[in-house]
Amino acid sequence: MDYNKLAELLFPQIDKTPEDYEAMFPQRANAEGGAIITRLGPSPTGFIHLGNLYGAFVDERLAHQSKAEDGTPGTFYLRIEDTDDKRYVEGAVDTVINSLKFFDINFDEGAGCGPAAEDGEPTDSGDYGPYYQSQRGPIYQAFVKHLVSQGKAYPCFLTEEELAEIRAQQEAAKETTGIYGKYAEKSRNLSYEEIEANINAGKPYVVRLKSKGNAISPENCCMENGATCQGNSGNVTYQNRDGVMYIIVNDAVRGEVAMPSNDQDVVILKATGIPTYHFAHVIDDHLMRTTHVVRGEEWLMSLPIHVELFEALRFQLPTYCHTAVLMKLDDETGNKRKLSKRKDPELSLDYYRQEGYHPQAVKEYLMTILNSDFEEWRMANPDADLDEFTFTTEKMSSAGALFDLNKLNDISKDVLLKIPADELADFMLEWAREFKPKAVPLLEDKEYLTKILNIGRDDAKPRKDLIYAKQIFDFISYFYDDYFFIEEQIPEQVSDEDAKEILKRYLETYDHSDDQSQWFEKIRTITADLGYAVKPKDYKKHPDEYKGSVAHVSTVIRIAVMGRSQSPDVWTIQQILGEDRVRARISELIG
RNA sequence: GGUCCUAUGGUCAAGCGGUUAAGACACCGCCCUUUCACGGCGGUAACCCGGGUUCGAUUCCCGGUAGGAUCACCA
């Protein structure tokens with residue numbers, strides 16, 4: 001078979017060679033001396049979930065933390081993986097970029113990363129484009145053509161029915177499914193004339209890799225059992241394990257990973273002329289000079305395919321970082337399972353936006369599950385910027401981490417405490433504009449809101465009860481008349497008459513200009529006059545001698561003014577609320 | 001089913017042949033306190049099972065078990 005002739009028959013319109021592309025996309029200047037080049041390759045649905053964010057975070061940190069010899073940092077770029085013919089969602093690239101920007105994750109180059117054009121359309125930036133796989137057709141085809149001309153790939157005309165039949169046969173015989181070994185022979189052995197006839201007849205076809213298989217044989221490799229040898233692409237070791245060729249790859253997060261080498265004649269070019277993920281990954285990450293490929297664990301099993309592809313093309317293998325998938329405890333089965341888009345709203349980044357989690361809190365949380373020594377570092381450096389932490393792939397867990405909302409909330413409390421109240425007020429308003437529009441006019445009084453958010457923050461032991469916007473709003477809602485209502489019952493120790501009496505006397509003696517001790521002194525007086533214990537301990541010791549304690553009296557006032565029994569300090573709240581509101585609310589309750 | 005990954009308290013996790021087996025979150029109790037939150041003190045709670053190797057295994061090896069991942073012209 002004349003493979004050159006075959007390549008020409010299949011790709012007459014392709015005139016560029018791999019060498020041309022190698023020259024067009026030379027090694028990156030900053031890749032020398034340790035700078036890391038990473039990429040994010042989302043599909044163009046624009047849907048970014050927590051898992052994507054998790055990976056993007058790793059990519060970003062790895063690239064921007066690393067430095068070339070001359071001090072320039074690594075590069076983190078955005079490539080859109082739209083090889084699937086599923087519909088392209090309008091504005092998806094913008095969505096991706098903006099979703100990540102919300103978390104301070106910024107790209108250096110790639111799709112949509114250039115300055116906006118005059119008509120407002122986003123442009124791409126960088127010298128290694130195009131950054132959309134759908135626009136890279138000729139590039140992929142040039143490499144496929146090259147492989148065909150070397151006899152390393154071939155066209156396959158198997159129809160869906162034939163494929164299904166083979167599959168059924170294999171399943172019945174309990175064999176591995178797919179096109180490999182004897183099942184590949186039919187297509188592999190097609191003569192030039194047969195192929196030409198098929199093409200002239202307009203039959204659709206795919207291009208498959210001609211796998212070298214993984215059996216140890218004289219023409220393949222004749223290593224002794226257990227012996228190893230180095231691969232051409234670097235970073236790969238082959239080993240004969242009882243007649244089966246294994247690949248051993250050093251994964252940055254998992255260490256050495258061993259598995260049987262690929263024996264499937266995988267599809268590299270679909271009937272549409274568009275490559276599969278496997279092929280696009282190999283070509284793109286090589287040509288765009290990616291040094292570290294960060295991706296989910298679900299890709300680990302296709303590593304042998306990628307290794308064979310890298311070897312066949314004589315490309316250098318990148319460093320792989322297969323990250324663990326995010327898990328969750330299933331309510332029904334009680335087992336761990338992968339977070340799913342359909343069942344788990346907390347997977348969607350929108351969930352955190354709706355609830356009003358601060359991006360910094362989500363980042364901080366992600367970092368704690370990403371690197372096990374982060375929490376320790378954070379305790380030692382409570383005020384340091386997140387970027388000062390040195391992130392390492394070695395410290396990443398290879399088991400799936402369970403998503404823990406409790407932990408997120410705990411971290412969020414600390415994060416929000418460090419954000420100045422007026423910034424938090426802006427954050428609340430922004431959140432409300434999107435998710436609680438009715439409250440916007442109220443929250444627009446920034447001075448008022450800032451005062452509220454600032455309660456108890458400057459103390460030596462600052463309050464930590466602010467977690468996320470939605471929760472915060474509920475927490476402070478009584479400051480706004482529209483949302484104020486009596487939510488709780490008065491304590492059982494206090495009779496209805498006493499409650500009225502307490503409030504009546506409170507209102508009579510109320511002086512808005514009292515300082516906190518004067519104010520509390522008056523409550524003590526009321527407490528004592530009505531037969532309640534001024535010191536809660538007295539009541540605790542001698543419950544028979546008192547109706548209740550000052551705590552219960554205070555609770556009545558709390559409920560009158562705030563509608564609830566739990567809140568920060570009453571005096572402070574009243575000062576913010578203003579005299580009119582306080583008086584009005586109490587009068588209202590007295591009736 | 002084949003292949004691969006993983007296995008320390010409820011959760012996240014230190015540990016990398018000899019430890020009273022850290023820490024954080026959650027939970028419980030006490031203290032502080034006019035409630036709550038914060039803070040302080042204390043507490044419950046773990047090395048999946050079985051074989052080896054070794055003077056000694058949570059740690060190394062093998063087997064089992066469990067959970068997860070993956071087996072497309074989807075990524």
# chains A, B, ... in the order shown; residues from 1 in each chain; ligands from 1
call {"tool": "interface_residues", "arguments": {"of": "chain B", "to": "chain A", "cutoff": "12 Å", "atoms": "only C-alpha atoms (C1' of nucleotides)", "output": "ChimeraX atom specification"}}
result
/B:1-7,10-14,22-26,32-40,66-75
call {"tool": "residues_around", "arguments": {"residues": "Ile502 of chain A", "least_positions_apart": "2", "cutoff": "12 Å", "atoms": "only C-alpha atoms (C1' of nucleotides)", "output": "CSV table (one decimal) with N, CA and C atoms, in the first residue's frame"}}
result
chain,number,residue,atom,x,y,z
A,490,ILE,N,-43.3,35.6,73.4
A,490,ILE,CA,-42.6,36.0,74.5
A,490,ILE,C,-42.3,34.8,75.4
A,494,VAL,N,-42.8,35.0,81.4
A,494,VAL,CA,-43.4,36.3,81.5
A,494,VAL,C,-44.9,36.3,81.1
A,495,SER,N,-45.8,36.7,82.0
A,495,SER,CA,-47.2,36.7,81.6
A,495,SER,C,-47.5,37.8,80.7
A,496,ASP,N,-48.7,37.8,80.1
A,496,ASP,CA,-49.1,38.8,79.1
A,496,ASP,C,-49.2,40.2,79.8
A,497,GLU,N,-49.7,40.2,81.0
A,497,GLU,CA,-49.8,41.5,81.7
A,497,GLU,C,-48.5,42.0,82.0
A,498,ASP,N,-47.6,41.2,82.4
A,498,ASP,CA,-46.2,41.6,82.7
A,498,ASP,C,-45.5,42.2,81.5
A,499,ALA,N,-45.7,41.4,80.4
A,499,ALA,CA,-45.1,41.9,79.1
A,499,ALA,C,-45.6,43.3,78.8
A,500,LYS,N,-46.9,43.5,78.9
A,500,LYS,CA,-47.4,44.8,78.6
A,500,LYS,C,-46.8,45.9,79.6
A,504,LYS,N,-44.6,49.1,78.6
A,504,LYS,CA,-45.2,50.4,79.0
A,504,LYS,C,-44.2,51.2,79.7
A,505,ARG,N,-43.6,50.6,80.7
A,505,ARG,CA,-42.6,51.3,81.6
A,505,ARG,C,-41.3,51.6,80.8
A,506,TYR,N,-41.0,50.7,79.9
A,506,TYR,CA,-39.8,50.8,79.1
A,506,TYR,C,-40.0,52.1,78.2
A,507,LEU,N,-41.2,52.2,77.6
A,507,LEU,CA,-41.5,53.3,76.7
A,507,LEU,C,-41.5,54.6,77.5
A,508,GLU,N,-42.1,54.6,78.7
A,508,GLU,CA,-42.2,55.8,79.5
A,508,GLU,C,-40.8,56.3,79.9
A,509,THR,N,-39.9,55.4,80.2
A,509,THR,CA,-38.6,55.8,80.7
A,509,THR,C,-37.6,55.9,79.6
A,510,TYR,N,-38.0,55.6,78.4
A,510,TYR,CA,-37.0,55.5,77.3
A,510,TYR,C,-36.5,56.9,76.9
A,522,LYS,N,-32.0,51.2,83.6
A,522,LYS,CA,-33.5,51.4,83.6
A,522,LYS,C,-34.2,50.0,83.5
A,523,ILE,N,-33.6,49.2,82.7
A,523,ILE,CA,-34.2,47.8,82.5
A,523,ILE,C,-34.1,47.1,83.9
A,524,ARG,N,-33.0,47.3,84.5
A,524,ARG,CA,-32.8,46.6,85.8
A,524,ARG,C,-33.9,47.1,86.8
A,525,THR,N,-34.1,48.4,86.8
A,525,THR,CA,-35.2,48.9,87.7
A,525,THR,C,-36.5,48.2,87.4
A,526,ILE,N,-36.9,48.2,86.1
A,526,ILE,CA,-38.1,47.5,85.7
A,526,ILE,C,-38.1,46.1,86.2
A,527,THR,N,-37.0,45.4,85.9
A,527,THR,CA,-36.9,44.0,86.3
A,527,THR,C,-37.2,43.8,87.8
A,528,ALA,N,-36.5,44.6,88.6
A,528,ALA,CA,-36.7,44.4,90.0
A,528,ALA,C,-38.1,44.8,90.5
A,529,ASP,N,-38.6,45.9,90.0
A,529,ASP,CA,-40.0,46.3,90.4
A,529,ASP,C,-41.0,45.3,90.1
A,530,LEU,N,-40.8,44.5,89.0
A,530,LEU,CA,-41.9,43.6,88.7
A,530,LEU,C,-41.6,42.2,89.2
A,531,GLY,N,-40.6,42.1,90.1
A,531,GLY,CA,-40.4,40.8,90.7
A,531,GLY,C,-39.6,39.8,89.9
A,532,TYR,N,-38.7,40.3,89.1
A,532,TYR,CA,-37.8,39.4,88.3
A,532,TYR,C,-36.4,39.6,88.9
A,550,VAL,N,-33.7,39.0,84.4
A,550,VAL,CA,-33.5,40.1,83.5
A,550,VAL,C,-33.4,39.7,82.1
A,552,HIS,N,-35.2,37.4,80.7
A,552,HIS,CA,-36.6,37.3,80.2
A,552,HIS,C,-37.2,38.6,79.9
A,553,VAL,N,-36.9,39.6,80.8
A,553,VAL,CA,-37.4,40.9,80.6
A,553,VAL,C,-36.8,41.5,79.3
A,554,SER,N,-35.5,41.3,79.1
A,554,SER,CA,-34.9,41.8,77.9
A,554,SER,C,-35.4,41.1,76.7
A,555,THR,N,-35.7,39.9,76.8
A,555,THR,CA,-36.3,39.2,75.6
A,555,THR,C,-37.6,39.8,75.2
A,556,VAL,N,-38.4,40.2,76.1
A,556,VAL,CA,-39.6,40.9,75.8
A,556,VAL,C,-39.4,42.1,74.9
A,557,ILE,N,-38.4,42.9,75.4
A,557,ILE,CA,-38.0,44.1,74.7
A,557,ILE,C,-37.5,43.8,73.3
A,558,ARG,N,-36.6,42.8,73.3
A,558,ARG,CA,-36.1,42.3,72.0
A,558,ARG,C,-37.2,42.0,71.0
A,560,ALA,N,-40.2,42.9,71.0
A,560,ALA,CA,-41.0,44.1,70.6
A,560,ALA,C,-40.2,44.9,69.5
A,586,ILE,N,-42.7,49.6,69.8
A,586,ILE,CA,-43.2,49.3,71.1
A,586,ILE,C,-44.6,49.7,71.3
A,587,SER,N,-45.0,50.9,70.9
A,587,SER,CA,-46.4,51.3,71.0
A,587,SER,C,-47.3,50.4,70.3
A,589,LEU,N,-47.1,47.3,69.9
A,589,LEU,CA,-47.3,46.1,70.6
A,589,LEU,C,-48.1,46.2,71.9
A,590,ILE,N,-48.0,47.4,72.5
A,590,ILE,CA,-48.8,47.7,73.7
A,590,ILE,C,-50.3,47.8,73.2
call {"tool": "residues_around", "arguments": {"residues": "Pro318 of chain A", "least_positions_apart": "4", "cutoff": "7 Å", "atoms": "only C-alpha atoms (C1' of nucleotides)", "output": "PyMOL selection string"}}
result
chain A and resi 290-293
call {"tool": "residues_around", "arguments": {"residues": "Ser348 of chain A", "least_positions_apart": "5", "cutoff": "9 Å", "atoms": "only C-alpha atoms (C1' of nucleotides)", "output": "PDB file with N, CA, C and O atoms, in the first residue's frame"}}
result
ATOM      1  N   PHE A  47     -21.618  26.818  30.590  1.00  0.00           N
ATOM      2  CA  PHE A  47     -21.980  26.407  31.949  1.00  0.00           C
ATOM      3  C   PHE A  47     -20.723  26.058  32.724  1.00  0.00           C
ATOM      4  O   PHE A  47     -20.019  25.113  32.409  1.00  0.00           O
ATOM      5  N   ILE A  48     -20.427  26.864  33.703  1.00  0.00           N
ATOM      6  CA  ILE A  48     -19.247  26.610  34.531  1.00  0.00           C
ATOM      7  C   ILE A  48     -19.723  26.134  35.891  1.00  0.00           C
ATOM      8  O   ILE A  48     -20.501  26.801  36.542  1.00  0.00           O
ATOM      9  N   HIS A  49     -19.278  24.965  36.283  1.00  0.00           N
ATOM     10  CA  HIS A  49     -19.696  24.492  37.597  1.00  0.00           C
ATOM     11  C   HIS A  49     -18.510  24.441  38.551  1.00  0.00           C
ATOM     12  O   HIS A  49     -17.389  24.774  38.187  1.00  0.00           O
ATOM     13  N   LEU A  50     -18.806  24.035  39.752  1.00  0.00           N
ATOM     14  CA  LEU A  50     -17.792  24.037  40.789  1.00  0.00           C
ATOM     15  C   LEU A  50     -16.568  23.216  40.390  1.00  0.00           C
ATOM     16  O   LEU A  50     -15.439  23.572  40.704  1.00  0.00           O
ATOM     17  N   GLY A  51     -16.799  22.113  39.688  1.00  0.00           N
ATOM     18  CA  GLY A  51     -15.694  21.277  39.238  1.00  0.00           C
ATOM     19  C   GLY A  51     -14.785  22.025  38.279  1.00  0.00           C
ATOM     20  O   GLY A  51     -13.564  21.940  38.374  1.00  0.00           O
ATOM     21  N   LYS A 341     -24.888  17.385  37.946  1.00  0.00           N
ATOM     22  CA  LYS A 341     -25.465  18.639  37.507  1.00  0.00           C
ATOM     23  C   LYS A 341     -26.956  18.669  37.808  1.00  0.00           C
ATOM     24  O   LYS A 341     -27.505  19.674  38.208  1.00  0.00           O
TER      25      LYS A 341
END
call {"tool": "select_by_dssp", "arguments": {"residues": "segment 72-301 of chain A", "states": "strand (DSSP E)", "output": "count of residues only"}}
result
45
call {"tool": "residues_around", "arguments": {"residues": "Glu121 of chain A", "least_positions_apart": "5", "cutoff": "12 Å", "atoms": "only C-alpha atoms (C1' of nucleotides)", "output": "PyMOL selection string"}}
result
chain A and resi 90-91+93-94+111-116
call {"tool": "closest_residue", "arguments": {"among": "B:A45, B:C31, B:C55, B:C62", "to": "G17 of chain B", "atoms": "only C-alpha atoms (C1' of nucleotides)"}}
result
B:C55
call {"tool": "residues_around", "arguments": {"residues": "segment 228-242 of chain A", "least_positions_apart": "3", "cutoff": "6 Å", "atoms": "only C-alpha atoms (C1' of nucleotides)", "output": "tab-separated table (two decimals) with C-alpha atoms, in the first residue's frame"}}
result
chain	number	residue	atom	x	y	z
A	225	ASN	CA	8.82	-10.04	31.63
A	245	MET	CA	2.68	-3.85	27.57
A	246	TYR	CA	2.04	-1.40	30.36
A	247	ILE	CA	2.66	2.31	30.35
A	248	ILE	CA	3.88	4.02	33.48
A	249	VAL	CA	3.30	7.74	33.58
A	311	GLU	CA	4.26	8.71	20.64
A	315	PHE	CA	5.51	14.86	20.56
A	316	GLN	CA	6.77	15.46	24.05
A	317	LEU	CA	4.24	14.28	26.63
call {"tool": "residues_around", "arguments": {"residues": "Lys446 of chain A", "least_positions_apart": "6", "cutoff": "12 Å", "atoms": "only C-alpha atoms (C1' of nucleotides)", "output": "PDB file with C-alpha atoms, in the first residue's frame"}}
result
ATOM      1  CA  ALA A 421     -18.442  46.906  56.143  1.00  0.00           C
ATOM      2  CA  ASP A 422     -18.914  49.437  53.380  1.00  0.00           C
ATOM      3  CA  GLU A 423     -17.560  46.995  50.818  1.00  0.00           C
ATOM      4  CA  LEU A 424     -19.867  44.387  52.201  1.00  0.00           C
ATOM      5  CA  ALA A 425     -22.721  46.844  51.813  1.00  0.00           C
ATOM      6  CA  ASP A 426     -21.861  47.200  48.136  1.00  0.00           C
ATOM      7  CA  PHE A 427     -21.733  43.453  47.825  1.00  0.00           C
ATOM      8  CA  MET A 428     -25.160  43.113  49.437  1.00  0.00           C
ATOM      9  CA  LEU A 429     -26.641  45.686  47.127  1.00  0.00           C
ATOM     10  CA  GLU A 430     -25.184  44.011  44.059  1.00  0.00           C
ATOM     11  CA  VAL A 440     -32.911  47.232  46.581  1.00  0.00           C
ATOM     12  CA  ILE A 452     -25.906  47.580  60.510  1.00  0.00           C
ATOM     13  CA  LEU A 453     -23.183  45.414  59.026  1.00  0.00           C
ATOM     14  CA  ASN A 454     -20.626  46.991  61.274  1.00  0.00           C
TER      15      ASN A 454
END
call {"tool": "select_by_dssp", "arguments": {"residues": "segment 17-161 of chain A", "states": "helix (DSSP H, G or I)", "output": "ChimeraX atom specification"}}
result
/A:18-24,29-31,50-65,92-101,133-135,137-149,160-161
